[in-house]
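Asks: Sharing a structure below in structure tokens format, with a few things to ask.
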Amino acid sequence: MKRRKFIQNTAAGAVGATFAMTAMACTDENKKTRKPSQDKKPMSKKMPNLPIAICTWQFTNANKTAGDALENGKPALEAAIEGVSIEEQNLKNTTVGKGGIPDRQGNVTLDACVMATNGDCGAVMAVSSTSHVAALARKVMEDTPHVILVGEGAEEFAALSGFETEDLLTEESKKAWQEWLKSPEYKPLINIENHDTIGMLTMDKKGDIAGACTSSGLSYKMKGRVGDSPIIGSGLFLDNEIGGAVATGMGEEVVKTVGSFLIVELMRNGMSPQDACEEAIKRIVNKNDTYKDFQIAYIAMNKMGETGAYCIHEGFTMMKYENKINENVFVDFYHKPS
Ligand code: GLY
């Protein structure tokens, strides 16, 4: 049975000596660079129960896959890519990978990015030839002098790198698109089908953090539209000395506030992951009268393994793997109509 609980700070327990030394070194470094005002909120010295994986929505298998990979000693980035790849291959998921709902002209185009422990990153945008876009983003990071490849260029690079060409439009998604064409209206539904982008953060047995974010973007978007998911700082950002954050929901609004970067910087200045996610959501709703019409959610994890999440509307949940338990976690929300 899935256990549900409110998000809370959750770090405790045994830690490997290697991680303890790293974390202490990190704390000392922070002391050198922190301004006096920031010293009022010193970062906790709690230690994480390694390894940990978190992801957006109730993507149980994806998060468990990442958790198992980490338990088997795989590094954070590899585990994150293995985890999100489960949803890229899940034909029932119409918002990630193969089977994604197409744009208004019937093209399924995928966006993804990855970020490594050392701060390197890679991204691909508007790819229609392969479902393995998080792995492709990693290839861009590792095998090219660039950070982002888009469209045709990304597809040519995928073919050269040995990615098999696939047709991403399934019969089900094609039928849904043909139905939509009968009275086309662009009004993405909140929590549509109750899931969206998968964004994942992993902390491996050494305490190193990495992340991946992958999406087919908004249903019936304009051809060429790219959301937040492949944009480093918006859909995903991490700093291995501080922590990381990922986003899901209406990408346009995440991009405007560079949400994931904002959360990591707030954590750098002493906020908990929970407070940082809440602040990032408030930055959006405070400036945007139309927030009742769209959903955005953030999840975050800091170097101590503390996690947090917050969203605009009820209905978003996250997965958390820790202590060999993979659980679905309730996430509090901003809009509570009376
Ligand atoms: N968050 C996914 C997108 O807006 O494309």
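Starting from 1 in every chain, residues are counted up; chains themselves are A, B, ... following the order of the structure tokens, and ligands are numbered from 1 as listed.
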Running DSSP on the backbone, which parts of range 89-244 of chain A land in strand (DSSP E or B), as a ChimeraX atom specification?

Replies: /A:110-115,121-127,148-150,198-203,209-215,232,236-239,243-244

Asks: Let me have all residues with an atom within 6 Å of ligand 1, counting only C-alpha atoms and all ligand atoms, laid out as an MDAnalysis selection string.

Replies: chainID A and resid 197 215 217:218 227:229 248:251

Asks: Pick from A:Tyr310, A:His335, A:Arg268, A:Leu238: nearest to Val285 in chain A, with only C-alpha atoms counted?

Replies: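 Distance minimum relative to Val285 in chain A lands on A:His335.
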
Asks: Which residue, A:Ile284, A:Cys121, A:Cys311, A:Ala112, has the smallest gap to Gly235 in chain A when you use only C-alpha atoms?

Replies: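 Counting only C-alpha atoms, the residue closest to Gly235 in chain A is A:Ala112.
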
Asks: Would you mind listing what lies within 6 Å of Thr307 in chain A as a list in words, with only C-alpha atoms counted and same-chain residues fewer than 4 positions away left out?

Replies: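 Those residues are Pro273, Ala300 and Met301 of chain A.
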
Asks: I'd like to know which residues of range 269-299 of chain A are helix (DSSP H, G or I) (by DSSP, run on the backbone); could you write them as a list in words?

Replies: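 Listing helix (DSSP H, G or I) positions across range 269-299 of chain A yields Pro273, Gln274, Asp275, Ala276, Cys277, Glu278, Glu279, Ala280, Ile281, Lys282, Arg283, Ile284, Val285, Asn286, Lys287, Asp289, Thr290, Tyr291, Lys292 and Asp293 of chain A.
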
Asks: Tell me which protein, DNA and RNA residues are within 6 Å of Tyr298 in chain A, counting only C-alpha atoms, leaving out same-chain ones fewer than 3 positions away, and put them as a ChimeraX atom specification.

Replies: /A:246-247,277,309-310

Asks: May I ask for the distance between CA of Asp167 in chain A and CA of Met125 in chain A, given in Å to one decimal place?

Replies: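 If I compute the distance from CA of Asp167 in chain A to CA of Met125 in chain A, I get 16.6 Å.
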
Asks: Let me make sure I understand: among A:Tyr186, A:Phe316, A:Thr130, A:Thr95, which one has the smallest atom-to-atom distance to Gly162 in chain A if we use only C-alpha atoms?

Replies: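 Selected residue with least distance to Gly162 in chain A: A:Thr130.
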
Asks: Counting only C-alpha atoms, which of A:Trp57, A:Ala134, A:Glu252, A:Ala245 gets nearest to Phe330 in chain A?

Replies: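 Smallest separation from Phe330 in chain A among the options: A:Trp57.
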
Asks: Give me the residues within 10 Å of Glu71 in chain A as a list in words, counting only C-alpha atoms and dropping any in the same chain fewer than 3 places off.

Replies: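 The contact residues come out as Leu50, Pro51, Ile52, Thr65, Ala66, Gly67, Asp68, Lys74, Pro75, Ala79, Asp204, Lys205, Asn323 and Lys324 of chain A.
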
Asks: Would you save the residues from that selection as a short mmCIF file (atom, residue, chain, number, x, y, z; two decimals), in the first residue's frame, using all heavy atoms?

Replies:
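And here's again.cif as it stands now:
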```
data_model
loop_
_atom_site.label_atom_id
_atom_site.label_comp_id
_atom_site.auth_asym_id
_atom_site.auth_seq_id
_atom_site.Cartn_x
_atom_site.Cartn_y
_atom_site.Cartn_z
N LEU A 50 21.55 7.86 2.40
CA LEU A 50 21.84 7.63 0.98
C LEU A 50 21.57 6.20 0.56
O LEU A 50 21.76 5.29 1.36
CB LEU A 50 23.32 7.96 0.72
CG LEU A 50 23.70 9.41 1.05
CD1 LEU A 50 25.19 9.60 0.96
CD2 LEU A 50 22.98 10.38 0.12
N PRO A 51 21.13 5.98 -0.68
CA PRO A 51 20.85 6.99 -1.70
C PRO A 51 19.41 7.47 -1.64
O PRO A 51 18.57 6.88 -0.96
CB PRO A 51 21.10 6.21 -2.99
CG PRO A 51 20.65 4.82 -2.67
CD PRO A 51 21.00 4.60 -1.22
N ILE A 52 19.13 8.54 -2.40
CA ILE A 52 17.78 9.11 -2.45
C ILE A 52 17.43 9.43 -3.91
O ILE A 52 18.29 9.89 -4.67
CB ILE A 52 17.70 10.42 -1.63
CG1 ILE A 52 18.07 10.18 -0.17
CG2 ILE A 52 16.30 11.04 -1.72
CD1 ILE A 52 18.21 11.45 0.66
N THR A 65 13.08 2.53 -10.22
CA THR A 65 14.19 2.15 -11.09
C THR A 65 15.44 2.95 -10.74
O THR A 65 16.55 2.40 -10.65
CB THR A 65 13.79 2.37 -12.57
OG1 THR A 65 12.68 1.53 -12.86
CG2 THR A 65 14.93 2.07 -13.52
N ALA A 66 15.24 4.25 -10.53
CA ALA A 66 16.39 5.09 -10.15
C ALA A 66 16.92 4.67 -8.78
O ALA A 66 18.14 4.55 -8.59
CB ALA A 66 15.98 6.55 -10.13
N GLY A 67 16.01 4.42 -7.84
CA GLY A 67 16.43 4.00 -6.49
C GLY A 67 17.23 2.71 -6.53
O GLY A 67 18.28 2.59 -5.88
N ASP A 68 16.74 1.74 -7.30
CA ASP A 68 17.45 0.46 -7.41
C ASP A 68 18.83 0.64 -8.04
O ASP A 68 19.81 0.04 -7.61
CB ASP A 68 16.64 -0.54 -8.26
CG ASP A 68 15.40 -1.03 -7.52
OD1 ASP A 68 15.33 -0.83 -6.29
OD2 ASP A 68 14.52 -1.61 -8.18
N LYS A 74 25.21 2.70 -8.83
CA LYS A 74 25.36 3.53 -10.03
C LYS A 74 25.44 5.00 -9.63
O LYS A 74 24.83 5.43 -8.64
CB LYS A 74 24.18 3.31 -10.97
CG LYS A 74 24.24 1.93 -11.59
CD LYS A 74 23.45 1.83 -12.86
CE LYS A 74 23.64 0.44 -13.46
NZ LYS A 74 22.63 0.07 -14.41
N PRO A 75 26.20 5.79 -10.41
CA PRO A 75 26.30 7.21 -10.10
C PRO A 75 24.98 7.94 -10.35
O PRO A 75 24.11 7.46 -11.09
CB PRO A 75 27.39 7.72 -11.05
CG PRO A 75 27.75 6.62 -11.96
CD PRO A 75 27.03 5.37 -11.54
N ALA A 79 21.63 6.91 -12.84
CA ALA A 79 20.37 6.48 -12.21
C ALA A 79 19.21 7.38 -12.63
O ALA A 79 18.11 6.90 -12.91
CB ALA A 79 20.53 6.50 -10.69
N ASP A 204 23.46 9.90 -5.03
CA ASP A 204 24.01 8.54 -5.00
C ASP A 204 24.69 8.23 -3.67
O ASP A 204 24.68 9.04 -2.74
CB ASP A 204 24.92 8.30 -6.21
CG ASP A 204 26.14 9.22 -6.24
OD1 ASP A 204 26.58 9.68 -5.16
OD2 ASP A 204 26.65 9.48 -7.34
N LYS A 205 25.28 7.05 -3.60
CA LYS A 205 25.86 6.60 -2.33
C LYS A 205 27.02 7.48 -1.86
O LYS A 205 27.36 7.49 -0.69
CB LYS A 205 26.32 5.15 -2.46
CG LYS A 205 25.17 4.16 -2.43
CD LYS A 205 25.68 2.74 -2.48
CE LYS A 205 24.54 1.77 -2.18
NZ LYS A 205 24.96 0.37 -2.35
N ASN A 323 15.80 5.12 2.17
CA ASN A 323 15.78 3.96 3.07
C ASN A 323 15.15 2.74 2.41
O ASN A 323 14.40 1.99 3.06
CB ASN A 323 15.01 4.28 4.37
CG ASN A 323 15.78 5.21 5.27
OD1 ASN A 323 17.01 5.14 5.32
ND2 ASN A 323 15.08 6.09 5.94
N LYS A 324 15.35 2.60 1.11
CA LYS A 324 14.81 1.49 0.32
C LYS A 324 13.28 1.50 0.25
O LYS A 324 12.66 0.50 -0.10
CB LYS A 324 15.31 0.14 0.85
CG LYS A 324 16.82 0.03 0.78
CD LYS A 324 17.31 -1.37 0.97
CE LYS A 324 18.80 -1.39 0.68
NZ LYS A 324 19.57 -2.32 1.39
#
```

Asks: What are the nearest atom pairs, with distances in Å to one decimal, for all residues of range 51-131 of chain A that come at most 10 Å from range 175-178 of chain A, using only C-alpha atoms, set out by chain and rising residue number as a tab-separated table?

Replies:
```
residue	atom	partner	partner_atom	distance
A:Ile101	CA	A:Trp177	CA	7.2
A:Pro102	CA	A:Trp177	CA	7.0
A:Asp103	CA	A:Trp177	CA	8.4
A:Arg104	CA	A:Trp177	CA	7.5
A:Gln105	CA	A:Trp177	CA	8.7
A:Gly106	CA	A:Trp177	CA	6.8
A:Asn107	CA	A:Trp177	CA	9.9
```

Asks: Could you write out the selected residues, including C-alpha atoms, as a short mmCIF file (atom, residue, chain, number, x, y, z; two decimals), in the first residue's frame?

Replies:
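Printed below is result_31.cif as written:
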```cif
data_model
loop_
_atom_site.label_atom_id
_atom_site.label_comp_id
_atom_site.auth_asym_id
_atom_site.auth_seq_id
_atom_site.Cartn_x
_atom_site.Cartn_y
_atom_site.Cartn_z
CA ILE A 101 0.26 14.07 -27.42
CA PRO A 102 1.41 15.88 -30.60
CA ASP A 103 1.46 19.54 -31.51
CA ARG A 104 -1.54 20.96 -33.39
CA GLN A 105 -0.09 19.70 -36.68
CA GLY A 106 0.26 16.14 -35.46
CA ASN A 107 4.02 16.11 -34.70
#
```

Asks: CA of Ser272 in chain A and CA of Glu306 in chain A, how far apart in Å?

Replies: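 So the two atoms, CA of Glu306 in chain A and CA of Ser272 in chain A, lie 7.7 Å apart.
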
Asks: From the set A:Thr117, A:Thr317, A:Thr257, A:Asn286, which residue has the shortest atom-to-atom contact distance to Gly244 in chain A, counting only C-alpha atoms?

Replies: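 Of A:Thr117, A:Thr317, A:Thr257, A:Asn286, the one nearest Gly244 in chain A is A:Thr117, counting only C-alpha atoms.
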
Asks: For Phe163 in chain A, find every residue with an atom within 10 Å (counting only C-alpha atoms), except residues of its own chain fewer than 4 positions away, and show them as a list in words.

Replies: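 My reading of the contact set: Ser129, Thr130, Ser131, His132, Val133, Ala135, Leu136, Glu155, Glu156, Phe157, Ala158 and Ala159 of chain A.
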
Asks: Selected residues, C-alpha atoms, written as a PDB file, in the first residue's frame, please.

Replies:
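Output contents, as saved in again_33.pdb:
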```
ATOM      1  CA  SER A 129      13.079  10.827 -34.097  1.00  0.00           C
ATOM      2  CA  THR A 130      13.794   9.119 -30.768  1.00  0.00           C
ATOM      3  CA  SER A 131      12.087   8.672 -27.413  1.00  0.00           C
ATOM      4  CA  HIS A 132      15.413   8.439 -25.529  1.00  0.00           C
ATOM      5  CA  VAL A 133      15.831  12.172 -25.242  1.00  0.00           C
ATOM      6  CA  ALA A 135      20.055   9.912 -22.876  1.00  0.00           C
ATOM      7  CA  LEU A 136      20.483  12.034 -26.008  1.00  0.00           C
ATOM      8  CA  GLU A 155      18.018  14.303 -34.784  1.00  0.00           C
ATOM      9  CA  GLU A 156      21.075  14.023 -37.057  1.00  0.00           C
ATOM     10  CA  PHE A 157      23.285  13.852 -33.982  1.00  0.00           C
ATOM     11  CA  ALA A 158      21.015  11.134 -32.523  1.00  0.00           C
ATOM     12  CA  ALA A 159      21.344   9.040 -35.688  1.00  0.00           C
TER      13      ALA A 159
END
```

Asks: Near Ala126 in chain A, within 6 Å and counting only C-alpha atoms, which residues show up once chain neighbours fewer than 6 positions away are dropped, as a list in words?

Replies: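 Within the cut-off, the hits are Thr109, Leu110, Asp111, Val150 and Gly151 of chain A.
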
Asks: Just N, CA and C atoms for this one: save the residues we selected as a PDB file, in the first residue's frame.

Replies:
```pdb
ATOM      1  N   THR A 109       6.924  16.088 -30.542  1.00  0.00           N
ATOM      2  CA  THR A 109       8.297  16.596 -30.400  1.00  0.00           C
ATOM      3  C   THR A 109       8.670  16.609 -28.916  1.00  0.00           C
ATOM      4  N   LEU A 110       9.846  16.107 -28.636  1.00  0.00           N
ATOM      5  CA  LEU A 110      10.270  15.903 -27.245  1.00  0.00           C
ATOM      6  C   LEU A 110      11.387  16.869 -26.847  1.00  0.00           C
ATOM      7  N   ASP A 111      11.364  17.216 -25.561  1.00  0.00           N
ATOM      8  CA  ASP A 111      12.370  18.110 -24.967  1.00  0.00           C
ATOM      9  C   ASP A 111      12.961  17.424 -23.737  1.00  0.00           C
ATOM     10  N   VAL A 150      18.942  21.415 -31.200  1.00  0.00           N
ATOM     11  CA  VAL A 150      17.493  21.431 -31.431  1.00  0.00           C
ATOM     12  C   VAL A 150      17.130  20.779 -32.761  1.00  0.00           C
ATOM     13  N   GLY A 151      15.883  20.308 -32.832  1.00  0.00           N
ATOM     14  CA  GLY A 151      15.254  19.850 -34.068  1.00  0.00           C
ATOM     15  C   GLY A 151      16.133  18.941 -34.920  1.00  0.00           C
TER      16      GLY A 151
END
```

Asks: Would you compute the distance between CA of Gln58 in chain A and CA of Asn328 in chain A? Give it in Å to one decimal.

Replies: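 Computing the Euclidean distance for CA of Gln58 in chain A and CA of Asn328 in chain A yields 6.3 Å.
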
Asks: Counting only C-alpha atoms, figure out which residue out of A:Ser128, A:Gln89, A:Gln274, A:Ser173 gets nearest to Gly224 in chain A.

Replies: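 Among A:Ser128, A:Gln89, A:Gln274, A:Ser173, it is A:Ser128 that comes nearest to Gly224 in chain A.
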